[in-house]
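J.: Data: input-v2.cif, mmCIF, C-alpha atoms.
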```
data_coords
#
loop_
_atom_site.group_PDB
_atom_site.id
_atom_site.type_symbol
_atom_site.label_atom_id
_atom_site.label_comp_id
_atom_site.auth_asym_id
_atom_site.auth_seq_id
_atom_site.Cartn_x
_atom_site.Cartn_y
_atom_site.Cartn_z
ATOM 1 C CA MET A 144 -14.343 -4.514 -3.400
ATOM 2 C CA ARG A 145 -15.009 -0.821 -3.802
ATOM 3 C CA SER A 146 -11.581 -0.102 -2.309
ATOM 4 C CA TRP A 147 -10.138 -2.344 -5.040
ATOM 5 C CA GLY A 148 -11.789 -0.078 -7.613
ATOM 6 C CA GLU A 149 -14.364 -2.650 -8.721
ATOM 7 C CA PRO A 150 -17.418 -1.184 -10.491
ATOM 8 C CA ASP A 151 -20.665 -0.843 -8.532
ATOM 9 C CA ASP A 152 -22.519 -3.453 -10.600
ATOM 10 C CA ARG A 153 -19.841 -6.059 -9.849
ATOM 11 C CA VAL A 154 -19.928 -5.158 -6.139
ATOM 12 C CA GLU A 155 -23.721 -5.530 -6.045
ATOM 13 C CA THR A 156 -23.610 -8.836 -7.922
ATOM 14 C CA ALA A 157 -20.917 -10.134 -5.574
ATOM 15 C CA ALA A 158 -22.968 -9.096 -2.531
ATOM 16 C CA LEU A 159 -25.947 -11.080 -3.826
ATOM 17 C CA LEU A 160 -23.760 -14.105 -4.582
ATOM 18 C CA VAL A 161 -22.146 -13.980 -1.123
ATOM 19 C CA THR A 162 -25.605 -13.845 0.464
ATOM 20 C CA GLU A 163 -26.807 -16.857 -1.523
ATOM 21 C CA LEU A 164 -23.676 -18.973 -1.038
ATOM 22 C CA VAL A 165 -23.489 -18.280 2.703
ATOM 23 C CA ALA A 166 -27.225 -18.993 3.093
ATOM 24 C CA ASN A 167 -26.710 -22.321 1.293
ATOM 25 C CA ALA A 168 -23.800 -23.151 3.564
ATOM 26 C CA VAL A 169 -25.885 -22.379 6.662
ATOM 27 C CA GLU A 170 -28.783 -24.484 5.411
ATOM 28 C CA HIS A 171 -26.813 -27.455 4.107
ATOM 29 C CA THR A 172 -24.046 -27.883 6.639
ATOM 30 C CA ALA A 173 -24.003 -30.069 9.704
ATOM 31 C CA GLY A 174 -21.216 -27.942 11.179
ATOM 32 C CA ARG A 175 -21.216 -24.470 12.676
ATOM 33 C CA ARG A 176 -18.157 -23.029 10.943
ATOM 34 C CA ILE A 177 -18.433 -21.173 7.632
ATOM 35 C CA ARG A 178 -15.768 -19.050 5.947
ATOM 36 C CA CYS A 179 -16.194 -16.571 3.127
ATOM 37 C CA ARG A 180 -13.269 -15.152 1.206
ATOM 38 C CA LEU A 181 -12.957 -12.894 -1.822
ATOM 39 C CA LEU A 182 -9.945 -13.319 -4.090
ATOM 40 C CA ARG A 183 -9.091 -10.641 -6.621
ATOM 41 C CA THR A 184 -7.289 -11.516 -9.821
ATOM 42 C CA SER A 185 -6.920 -9.686 -13.097
ATOM 43 C CA GLY A 186 -10.398 -9.092 -14.465
ATOM 44 C CA ARG A 187 -12.377 -11.084 -11.907
ATOM 45 C CA VAL A 188 -13.241 -11.588 -8.275
ATOM 46 C CA ARG A 189 -13.663 -15.131 -6.951
ATOM 47 C CA ILE A 190 -16.055 -15.637 -4.049
ATOM 48 C CA CYS A 191 -15.213 -18.712 -1.969
ATOM 49 C CA VAL A 192 -17.512 -20.067 0.749
ATOM 50 C CA TRP A 193 -16.276 -23.012 2.770
ATOM 51 C CA ASN A 194 -18.149 -24.996 5.382
ATOM 52 C CA ARG A 195 -17.015 -27.838 7.574
ATOM 53 C CA GLY A 196 -20.040 -30.075 7.085
ATOM 54 C CA ARG A 197 -20.462 -32.378 4.106
ATOM 55 C CA ARG A 198 -24.219 -32.707 3.855
ATOM 56 C CA HIS A 199 -25.912 -32.898 0.483
ATOM 57 C CA VAL A 200 -25.969 -29.775 -1.669
ATOM 58 C CA PRO A 201 -28.785 -29.746 -4.242
ATOM 59 C CA MET A 202 -27.724 -30.773 -7.722
ATOM 60 C CA LEU A 203 -29.140 -29.131 -10.813
ATOM 61 C CA PRO A 204 -29.781 -30.899 -14.118
ATOM 62 C CA GLY A 205 -27.375 -30.735 -17.022
ATOM 63 C CA PRO A 206 -23.619 -30.142 -17.152
ATOM 64 C CA ARG A 207 -22.067 -26.855 -18.117
ATOM 65 C CA ASP A 208 -19.915 -26.752 -21.204
ATOM 66 C CA PRO A 209 -16.356 -27.449 -19.921
ATOM 67 C CA GLU A 210 -14.964 -25.463 -22.860
ATOM 68 C CA LEU A 211 -16.537 -22.333 -21.398
ATOM 69 C CA HIS A 212 -16.763 -23.061 -17.689
ATOM 70 C CA GLY A 213 -13.914 -24.739 -15.947
ATOM 71 C CA ASP A 214 -10.267 -25.277 -16.427
ATOM 72 C CA PRO A 215 -8.350 -28.028 -14.644
ATOM 73 C CA ALA A 216 -5.443 -25.570 -14.359
ATOM 74 C CA ASP A 217 -7.557 -23.474 -11.944
ATOM 75 C CA GLY A 218 -7.399 -26.249 -9.375
ATOM 76 C CA LEU A 219 -11.116 -25.771 -8.780
ATOM 77 C CA TYR A 220 -12.471 -27.709 -11.736
ATOM 78 C CA GLY A 221 -14.538 -30.234 -9.711
ATOM 79 C CA ALA A 222 -18.278 -30.075 -10.214
ATOM 80 C CA VAL A 223 -19.505 -27.070 -12.121
ATOM 81 C CA GLY A 224 -22.860 -25.408 -12.540
ATOM 82 C CA PRO A 225 -25.498 -26.390 -15.064
ATOM 83 C CA GLY A 226 -25.337 -23.612 -17.628
ATOM 84 C CA PRO A 227 -28.127 -21.349 -18.853
ATOM 85 C CA VAL A 228 -31.449 -21.119 -17.075
ATOM 86 C CA ALA A 229 -34.646 -20.553 -19.032
ATOM 87 C CA LEU A 230 -36.763 -18.048 -17.108
ATOM 88 C CA ASP A 231 -39.341 -17.004 -19.693
ATOM 89 C CA GLY A 232 -42.127 -19.480 -19.103
ATOM 90 C CA PRO A 233 -43.033 -22.672 -17.294
ATOM 91 C CA HIS A 234 -41.296 -24.859 -19.854
ATOM 92 C CA GLY A 235 -38.355 -22.627 -20.778
ATOM 93 C CA THR A 236 -36.915 -22.039 -24.202
ATOM 94 C CA GLY A 237 -34.864 -25.152 -24.685
ATOM 95 C CA ASP A 238 -31.661 -23.176 -24.065
ATOM 96 C CA GLY A 239 -31.508 -24.265 -20.438
ATOM 97 C CA PHE A 240 -34.074 -25.684 -18.072
ATOM 98 C CA SER A 241 -37.244 -24.330 -16.590
ATOM 99 C CA LEU A 242 -37.472 -22.888 -13.093
ATOM 100 C CA ALA A 243 -40.649 -24.944 -12.699
ATOM 101 C CA SER A 244 -38.674 -28.157 -13.265
ATOM 102 C CA VAL A 245 -36.466 -27.620 -10.210
ATOM 103 C CA ALA A 246 -37.572 -28.041 -6.601
ATOM 104 C CA GLU A 247 -37.119 -25.068 -4.290
ATOM 105 C CA ASP A 248 -33.861 -26.603 -3.071
ATOM 106 C CA GLY A 249 -31.975 -25.715 -6.255
ATOM 107 C CA ARG A 250 -33.211 -22.247 -7.068
ATOM 108 C CA GLY A 251 -30.495 -20.311 -5.258
ATOM 109 C CA LEU A 252 -27.819 -22.098 -7.259
ATOM 110 C CA MET A 253 -29.705 -21.179 -10.416
ATOM 111 C CA LEU A 254 -29.312 -17.558 -9.342
ATOM 112 C CA VAL A 255 -25.592 -18.138 -8.735
ATOM 113 C CA ASP A 256 -25.326 -19.689 -12.187
ATOM 114 C CA ALA A 257 -27.113 -16.786 -13.853
ATOM 115 C CA LEU A 258 -25.069 -14.062 -12.136
ATOM 116 C CA SER A 259 -21.576 -15.555 -12.141
ATOM 117 C CA THR A 260 -19.257 -16.057 -15.087
ATOM 118 C CA ARG A 261 -18.627 -19.550 -13.733
ATOM 119 C CA TRP A 262 -18.952 -21.409 -10.461
ATOM 120 C CA GLY A 263 -18.324 -24.808 -8.964
ATOM 121 C CA THR A 264 -17.875 -26.940 -5.893
ATOM 122 C CA ARG A 265 -15.145 -29.000 -4.341
ATOM 123 C CA THR A 266 -15.662 -31.513 -1.545
ATOM 124 C CA SER A 267 -13.001 -32.991 0.698
ATOM 125 C CA VAL A 268 -12.894 -34.836 4.006
ATOM 126 C CA SER A 269 -12.689 -31.482 5.799
ATOM 127 C CA GLY A 270 -15.735 -29.882 4.158
ATOM 128 C CA ARG A 271 -17.111 -28.263 1.039
ATOM 129 C CA LEU A 272 -15.989 -25.242 -0.945
ATOM 130 C CA VAL A 273 -18.409 -23.469 -3.276
ATOM 131 C CA TRP A 274 -16.927 -20.739 -5.462
ATOM 132 C CA ALA A 275 -18.249 -18.247 -7.992
ATOM 133 C CA ASP A 276 -16.446 -15.815 -10.296
ATOM 134 C CA VAL A 277 -17.754 -12.338 -11.084
#
```
Please express the file's structure as structure tokens.
T.:
Amino acid sequence: MRSWGEPDDRVETAALLVTELVANAVEHTAGRRIRCRLLRTSGRVRICVWNRGRRHVPMLPGPRDPELHGDPADGLYGAVGPGPVALDGPHGTGDGFSLASVAEDGRGLMLVDALSTRWGTRTSVSGRLVWADV
């Protein structure tokens, strides 16, 4: 990404997102094959992590606003992340949901949600794709 001229903060955010998405794929896949790909478009980088298995991926409460996060024209509309996460106390602020209300199995996706401009998943017979835009 640095060779593309992306700013350091975007590179660091992408590195953290790649780490989280690949770790999720390793933990939640029945298969042994995982692919990670970065796609550069005007103004954003899309991180795509695909795994062959189709085991359960933790779901988080609450839908994201489709007006802000997801466009059927992208071809990756599918399931999208939950929106804002309240991190300032055990019960949150009402703007999202509390970290304490989610089992450990969903916390990495909360990080993905907080750091990406949008993210989502797509499942098919051949596996699962999880993507995040930065």
J.: Grab the CA of Asn194 (chain A) to CA of Pro150 (chain A) distance for me, in Å with one decimal place.
T.: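 Result for CA of Asn194 (chain A) versus CA of Pro150 (chain A): 28.6 Å, one decimal.
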J.: Evaluated on this file, the PyMOL selection byres ((chain A and resi 156) around 12) picks out some residues - which ones are they, written as a list in words?
T.: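 After applying the PyMOL selection byres ((chain A and resi 156) around 12), what remains is Met144, Glu149, Pro150, Asp151, Asp152, Arg153, Val154, Glu155, Ala157, Ala158, Leu159, Leu160, Val161, Thr162, Glu163, Val188, Arg189, Ile190, Leu254, Val255, Asp256, Ala257, Leu258, Ser259, Thr260, Ala275, Asp276 and Val277 of chain A.
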J.: Any idea what's packed within 12 Å of Trp147 (chain A), counting all atoms listed in the file, ignoring anything in its chain fewer than 5 positions away? Could you give it as a ChimeraX atom specification?
T.: /A:153-154,181-188
J.: Between CA of Ile177 (chain A) and CA of Leu272 (chain A), what distance in Å does the model show, to one decimal?
T.: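 One can read the CA of Ile177 (chain A) to CA of Leu272 (chain A) distance as 9.8 Å.
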J.: For the point (-14.8, -27.5, 0.7) in file coordinates, what residues are within 9 Å, counting only C-alpha atoms? Give the answer as an mmCIF file with C-alpha atoms, in the coordinates of the input?
T.:
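Result saved to point37.cif:
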```cif
data_model
loop_
_atom_site.group_PDB
_atom_site.id
_atom_site.type_symbol
_atom_site.label_atom_id
_atom_site.label_comp_id
_atom_site.auth_asym_id
_atom_site.auth_seq_id
_atom_site.Cartn_x
_atom_site.Cartn_y
_atom_site.Cartn_z
ATOM 1 C CA VAL A 192 -17.512 -20.067 0.749
ATOM 2 C CA TRP A 193 -16.276 -23.012 2.770
ATOM 3 C CA ASN A 194 -18.149 -24.996 5.382
ATOM 4 C CA ARG A 195 -17.015 -27.838 7.574
ATOM 5 C CA GLY A 196 -20.040 -30.075 7.085
ATOM 6 C CA ARG A 197 -20.462 -32.378 4.106
ATOM 7 C CA THR A 264 -17.875 -26.940 -5.893
ATOM 8 C CA ARG A 265 -15.145 -29.000 -4.341
ATOM 9 C CA THR A 266 -15.662 -31.513 -1.545
ATOM 10 C CA SER A 267 -13.001 -32.991 0.698
ATOM 11 C CA VAL A 268 -12.894 -34.836 4.006
ATOM 12 C CA SER A 269 -12.689 -31.482 5.799
ATOM 13 C CA GLY A 270 -15.735 -29.882 4.158
ATOM 14 C CA ARG A 271 -17.111 -28.263 1.039
ATOM 15 C CA LEU A 272 -15.989 -25.242 -0.945
ATOM 16 C CA VAL A 273 -18.409 -23.469 -3.276
#
```
J.: Quick one: distance from CA of His171 (chain A) to CA of Gly263 (chain A) in Å, one decimal?
T.: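 Separating CA of His171 (chain A) from CA of Gly263 (chain A) is a distance of 15.8 Å.
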J.: Which one is closest to Leu164 (chain A): A:Arg145, A:Trp274, A:Arg261, A:Arg250? Count only C-alpha atoms.
T.: A:Trp274
